[in-house]
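**Q** Got a structure for you, questions after.
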Amino acid sequence: MKNKGCLSAGTIGIALLLIVGVIFFWGKNGYNNFVSKEQNVNSKWSNIETVYQKRANLIPNLERTVKSYSKFEQETLTKVVEARSKATSINIDPTNMTEADMAKFQAAQGELSGALSRLMAVVESYPNLKADQQYINFQREFTAIENSIRTETVYYNDAAKDYNTTIKTFPNNILANFTNFKEKPFFKAEAGAEKAPEVFK
């Protein structure tokens, strides 16, 4: 009877060790998978910030070019410069990004987009400025950057969707809650964002 009891206790001990081992390896692999996917989201967000910064970096050259035309509407240019300052002042930590952070970032970038669109519409009334080589160079770079922005936001949203799905799927959601992995917000398209820019004709 003693041997039988010892055998039962040993079997239980082995079973417990196996269960603990399975949970440990599942937790380790799950955690590492979360980290990898979160890093991918952060990387894609960094790419978005980079292309928006490239757009912001174009504006000083645009400002110098436009200012050389003394009759140009300075108020329109001033609004672009102010919107650029506001857009570049917003810094987001992608590891703790919330819907509110994303909305604030997008609102500032949208304000700059609107100011640039209004300025370029006004330029249409200034044939000499429109034909200026510096302005033409700006147009070319601006169009390329706007296309990059659309591409990078799609890549970010794909990465965020993959990450969010992973941490919300059972039983991953248990581990995610326990290890404090949180959902990432999506980059929402602005109205008409699916269309290519039509400011240059």
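Chain identifiers are assigned as A, B, and so on, following the order in which chains appear in the structure tokens; residues are numbered from 1 within each chain, and ligands are numbered from 1 in order of appearance.
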Quick one: everything within 10 Å of Lys28 of chain A, counting only C-alpha atoms, minus sequence neighbours fewer than 6 positions away in the same chain. Send it as a PDB file with N, CA, C and O atoms, in the first residue's frame.
**A**
```
ATOM      1  N   VAL A  22       4.326  23.456 -19.001  1.00  0.00           N
ATOM      2  CA  VAL A  22       3.516  23.864 -20.151  1.00  0.00           C
ATOM      3  C   VAL A  22       3.100  25.330 -20.014  1.00  0.00           C
ATOM      4  O   VAL A  22       3.196  26.120 -20.959  1.00  0.00           O
ATOM      5  N   PHE A  34       4.094  38.879 -27.999  1.00  0.00           N
ATOM      6  CA  PHE A  34       3.504  40.208 -27.773  1.00  0.00           C
ATOM      7  C   PHE A  34       4.564  41.294 -27.961  1.00  0.00           C
ATOM      8  O   PHE A  34       4.309  42.326 -28.585  1.00  0.00           O
ATOM      9  N   LEU A 175      -3.071  36.428 -20.570  1.00  0.00           N
ATOM     10  CA  LEU A 175      -1.660  36.770 -20.397  1.00  0.00           C
ATOM     11  C   LEU A 175      -1.430  38.261 -20.657  1.00  0.00           C
ATOM     12  O   LEU A 175      -0.665  38.909 -19.936  1.00  0.00           O
TER      13      LEU A 175
END
```
**Q** Near segment 85-92 of chain A, within 12 Å and counting only C-alpha atoms, which residues show up once chain neighbours fewer than 5 positions away are dropped, as a VMD selection string?
**A** chain A and resid 42 45 to 46 48 to 57 59 to 60 78 to 80 97 to 113 115
**Q** Could you work out how far atom CA of Phe178 of chain A lies from atom CA of Ala159 of chain A, giving the answer in Å with one decimal?
**A**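 Atom-to-atom, atom CA of Ala159 of chain A to atom CA of Phe178 of chain A, that is 22.0 Å.
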**Q** Neighbouring residues of Trp26 of chain A were defined as those with any atom within 12 Å, considering only C-alpha atoms; residues of the same chain fewer than 6 positions away were excluded. Please report them as number ranges by chain.
**A** A: 19-20, 32-33, 171-172, 174-175
**Q** Keeping only N, CA and C atoms, take the residues you just selected and write them out as a PDB file, in the first residue's frame.
**A**
```pdb
ATOM      1  N   ILE A  19       2.453  20.363 -15.940  1.00  0.00           N
ATOM      2  CA  ILE A  19       1.498  21.468 -16.092  1.00  0.00           C
ATOM      3  C   ILE A  19       2.208  22.813 -15.928  1.00  0.00           C
ATOM      4  N   VAL A  20       3.047  22.905 -14.892  1.00  0.00           N
ATOM      5  CA  VAL A  20       3.799  24.146 -14.660  1.00  0.00           C
ATOM      6  C   VAL A  20       4.722  24.435 -15.852  1.00  0.00           C
ATOM      7  N   ASN A  32       6.852  36.819 -25.443  1.00  0.00           N
ATOM      8  CA  ASN A  32       7.821  37.200 -26.479  1.00  0.00           C
ATOM      9  C   ASN A  32       7.128  37.564 -27.789  1.00  0.00           C
ATOM     10  N   ASN A  33       6.045  36.868 -28.097  1.00  0.00           N
ATOM     11  CA  ASN A  33       5.270  37.177 -29.299  1.00  0.00           C
ATOM     12  C   ASN A  33       4.629  38.560 -29.187  1.00  0.00           C
ATOM     13  N   PRO A 171      -6.478  32.188 -25.413  1.00  0.00           N
ATOM     14  CA  PRO A 171      -6.242  32.634 -24.034  1.00  0.00           C
ATOM     15  C   PRO A 171      -5.190  33.733 -23.919  1.00  0.00           C
ATOM     16  N   ASN A 172      -4.742  34.281 -25.054  1.00  0.00           N
ATOM     17  CA  ASN A 172      -3.725  35.336 -25.003  1.00  0.00           C
ATOM     18  C   ASN A 172      -4.183  36.536 -24.191  1.00  0.00           C
ATOM     19  N   ILE A 174      -5.715  36.681 -21.456  1.00  0.00           N
ATOM     20  CA  ILE A 174      -5.428  36.495 -20.025  1.00  0.00           C
ATOM     21  C   ILE A 174      -3.991  36.921 -19.737  1.00  0.00           C
ATOM     22  N   LEU A 175      -3.071  36.428 -20.570  1.00  0.00           N
ATOM     23  CA  LEU A 175      -1.660  36.770 -20.397  1.00  0.00           C
ATOM     24  C   LEU A 175      -1.430  38.261 -20.657  1.00  0.00           C
TER      25      LEU A 175
END
```
**Q** Could you please write out, as a ChimeraX atom specification, every residue of chain A that DSSP assigns to helix (DSSP H, G or I)?
**A** /A:2-67,74-88,94-96,99-123,127-130,133-168,172-178
**Q** Extract, using only C-alpha atoms, all DNA, RNA and protein residues at most 12 Å from Thr169 of chain A, discarding same-chain residues fewer than 6 positions from it, and format them as a JSON list (two decimals) with all heavy atoms, in the first residue's frame.
**A**
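And here's result.json as it stands now:
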```
[["chain", "number", "residue", "atom", "x", "y", "z"],
["A", 30, "GLY", "N", 4.23, 33.32, -25.47],
["A", 30, "GLY", "CA", 3.20, 34.34, -25.68],
["A", 30, "GLY", "C", 3.72, 35.73, -25.41],
["A", 30, "GLY", "O", 3.50, 36.66, -26.20],
["A", 34, "PHE", "N", 4.09, 38.88, -28.00],
["A", 34, "PHE", "CA", 3.50, 40.21, -27.77],
["A", 34, "PHE", "C", 4.56, 41.29, -27.96],
["A", 34, "PHE", "O", 4.31, 42.33, -28.58],
["A", 34, "PHE", "CB", 2.93, 40.33, -26.35],
["A", 34, "PHE", "CG", 1.79, 39.39, -26.05],
["A", 34, "PHE", "CD1", 1.38, 39.20, -24.73],
["A", 34, "PHE", "CD2", 1.13, 38.70, -27.05],
["A", 34, "PHE", "CE1", 0.33, 38.36, -24.42],
["A", 34, "PHE", "CE2", 0.08, 37.83, -26.75],
["A", 34, "PHE", "CZ", -0.31, 37.66, -25.43],
["A", 161, "LYS", "N", -3.48, 46.16, -36.07],
["A", 161, "LYS", "CA", -4.55, 45.15, -36.13],
["A", 161, "LYS", "C", -4.01, 43.78, -35.75],
["A", 161, "LYS", "O", -4.65, 43.04, -34.98],
["A", 161, "LYS", "CB", -5.14, 45.11, -37.54],
["A", 161, "LYS", "CG", -6.26, 44.09, -37.69],
["A", 161, "LYS", "CD", -6.78, 44.07, -39.12],
["A", 161, "LYS", "CE", -7.87, 43.01, -39.30],
["A", 161, "LYS", "NZ", -8.34, 42.93, -40.69],
["A", 162, "ASP", "N", -2.84, 43.42, -36.27],
["A", 162, "ASP", "CA", -2.23, 42.13, -35.96],
["A", 162, "ASP", "C", -1.94, 42.02, -34.47],
["A", 162, "ASP", "O", -2.25, 41.01, -33.82],
["A", 162, "ASP", "CB", -0.94, 41.98, -36.78],
["A", 162, "ASP", "CG", -0.26, 40.64, -36.55],
["A", 162, "ASP", "OD1", -0.97, 39.61, -36.49],
["A", 162, "ASP", "OD2", 0.98, 40.61, -36.44],
["A", 163, "TYR", "N", -1.36, 43.07, -33.91],
["A", 163, "TYR", "CA", -1.03, 43.10, -32.47],
["A", 163, "TYR", "C", -2.30, 43.03, -31.62],
["A", 163, "TYR", "O", -2.39, 42.21, -30.69],
["A", 163, "TYR", "CB", -0.24, 44.36, -32.16],
["A", 163, "TYR", "CG", -0.13, 44.67, -30.69],
["A", 163, "TYR", "CD1", 0.82, 44.05, -29.89],
["A", 163, "TYR", "CD2", -0.97, 45.62, -30.09],
["A", 163, "TYR", "CE1", 0.92, 44.33, -28.53],
["A", 163, "TYR", "CE2", -0.88, 45.91, -28.74],
["A", 163, "TYR", "CZ", 0.07, 45.27, -27.97],
["A", 163, "TYR", "OH", 0.16, 45.54, -26.63],
["A", 175, "LEU", "N", -3.07, 36.43, -20.57],
["A", 175, "LEU", "CA", -1.66, 36.77, -20.40],
["A", 175, "LEU", "C", -1.43, 38.26, -20.66],
["A", 175, "LEU", "O", -0.66, 38.91, -19.94],
["A", 175, "LEU", "CB", -0.81, 35.93, -21.36],
["A", 175, "LEU", "CG", 0.70, 36.16, -21.33],
["A", 175, "LEU", "CD1", 1.26, 35.84, -19.95],
["A", 175, "LEU", "CD2", 1.40, 35.34, -22.40],
["A", 176, "ALA", "N", -2.09, 38.81, -21.67],
["A", 176, "ALA", "CA", -1.92, 40.24, -22.00],
["A", 176, "ALA", "C", -2.38, 41.13, -20.85],
["A", 176, "ALA", "O", -1.71, 42.12, -20.52],
["A", 176, "ALA", "CB", -2.70, 40.57, -23.27],
["A", 177, "ASN", "N", -3.51, 40.78, -20.24],
["A", 177, "ASN", "CA", -4.00, 41.56, -19.09],
["A", 177, "ASN", "C", -3.05, 41.45, -17.91],
["A", 177, "ASN", "O", -2.78, 42.44, -17.23],
["A", 177, "ASN", "CB", -5.40, 41.08, -18.68],
["A", 177, "ASN", "CG", -6.47, 41.47, -19.68],
["A", 177, "ASN", "OD1", -6.32, 42.45, -20.41],
["A", 177, "ASN", "ND2", -7.54, 40.71, -19.74],
["A", 183, "GLU", "N", -4.16, 47.60, -25.94],
["A", 183, "GLU", "CA", -4.54, 47.79, -27.34],
["A", 183, "GLU", "C", -3.92, 49.07, -27.90],
["A", 183, "GLU", "O", -3.76, 50.05, -27.19],
["A", 183, "GLU", "CB", -6.07, 47.90, -27.42],
["A", 183, "GLU", "CG", -6.66, 47.22, -28.62],
["A", 183, "GLU", "CD", -8.18, 47.26, -28.62],
["A", 183, "GLU", "OE1", -8.78, 47.21, -27.54],
["A", 183, "GLU", "OE2", -8.74, 47.35, -29.71]]
```
**Q** Please determine, counting only C-alpha atoms, which residue among A:Gln134, A:Asn29, A:Asn128, A:Ser8 has the shortest atom-to-atom distance to Ser70 of chain A.
**A**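 Between A:Gln134, A:Asn29, A:Asn128, A:Ser8, the residue approaching Ser70 of chain A most closely is A:Asn128.
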**Q** Determine, counting only C-alpha atoms, which protein, DNA and RNA residues have an atom within 9 Å of an atom of Glu146 of chain A; residues of the same chain fewer than 2 positions away are not included. Present the result as number ranges by chain.
**A** A: 51-52, 55, 141-144, 148-151, 196-197
**Q** Store the residues of this selection in a file with N, CA, C and O atoms, as a compact mmCIF listing (two decimals), in the first residue's frame.
**A**
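What follows is the written file again37.txt:
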```txt
# COMPACT_ATOMS: atom_id res chain seq x y z
N VAL A 51 7.82 60.52 -41.92
CA VAL A 51 7.31 61.13 -43.15
C VAL A 51 6.60 62.46 -42.86
O VAL A 51 6.69 63.40 -43.64
N TYR A 52 5.93 62.54 -41.71
CA TYR A 52 5.31 63.82 -41.34
C TYR A 52 6.39 64.87 -41.06
O TYR A 52 6.22 66.04 -41.37
N ARG A 55 7.64 66.24 -44.25
CA ARG A 55 6.72 67.25 -44.79
C ARG A 55 6.93 68.59 -44.08
O ARG A 55 6.99 69.65 -44.73
N GLU A 141 8.26 67.15 -54.22
CA GLU A 141 8.57 66.49 -52.94
C GLU A 141 7.31 66.32 -52.08
O GLU A 141 7.12 65.28 -51.45
N PHE A 142 6.46 67.34 -52.09
CA PHE A 142 5.24 67.29 -51.30
C PHE A 142 4.35 66.13 -51.74
O PHE A 142 3.82 65.38 -50.92
N THR A 143 4.16 65.98 -53.04
CA THR A 143 3.33 64.89 -53.57
C THR A 143 3.89 63.53 -53.18
O THR A 143 3.14 62.63 -52.76
N ALA A 144 5.21 63.37 -53.28
CA ALA A 144 5.85 62.10 -52.91
C ALA A 144 5.65 61.81 -51.43
O ALA A 144 5.35 60.67 -51.03
N SER A 148 3.67 58.81 -49.40
CA SER A 148 4.35 58.01 -48.36
C SER A 148 3.54 57.99 -47.08
O SER A 148 3.47 56.97 -46.39
N ILE A 149 2.93 59.12 -46.73
CA ILE A 149 2.11 59.19 -45.53
C ILE A 149 0.97 58.19 -45.61
O ILE A 149 0.70 57.43 -44.66
N ARG A 150 0.29 58.17 -46.75
CA ARG A 150 -0.81 57.22 -46.92
C ARG A 150 -0.33 55.77 -46.80
O ARG A 150 -0.96 54.94 -46.16
N THR A 151 0.81 55.48 -47.41
CA THR A 151 1.36 54.12 -47.38
C THR A 151 1.74 53.72 -45.96
O THR A 151 1.40 52.62 -45.49
N ALA A 196 -5.99 60.85 -54.32
CA ALA A 196 -4.67 61.45 -54.48
C ALA A 196 -4.82 62.97 -54.41
O ALA A 196 -5.86 63.52 -54.75
N PRO A 197 -3.78 63.69 -53.97
CA PRO A 197 -3.87 65.14 -53.90
C PRO A 197 -4.17 65.74 -55.27
O PRO A 197 -3.59 65.34 -56.27
```
**Q** Within 8 Å of Leu77 of chain A, counting only C-alpha atoms, which residues qualify if same-chain residues fewer than 6 places away don't, as a PyMOL selection string?
**A** chain A and resi 63+66+119
**Q** What is the distance between atom CA of Lys188 of chain A and atom CA of Val154 of chain A, in Å to one decimal?
**A**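 Distance reported for this atom pair: 9.8 Å.
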**Q** Taking only C-alpha atoms into account, name the residue in A:Val81, A:Leu62, A:Phe181, A:Asp93 that is nearest to Asn137 of chain A.
**A** A:Leu62
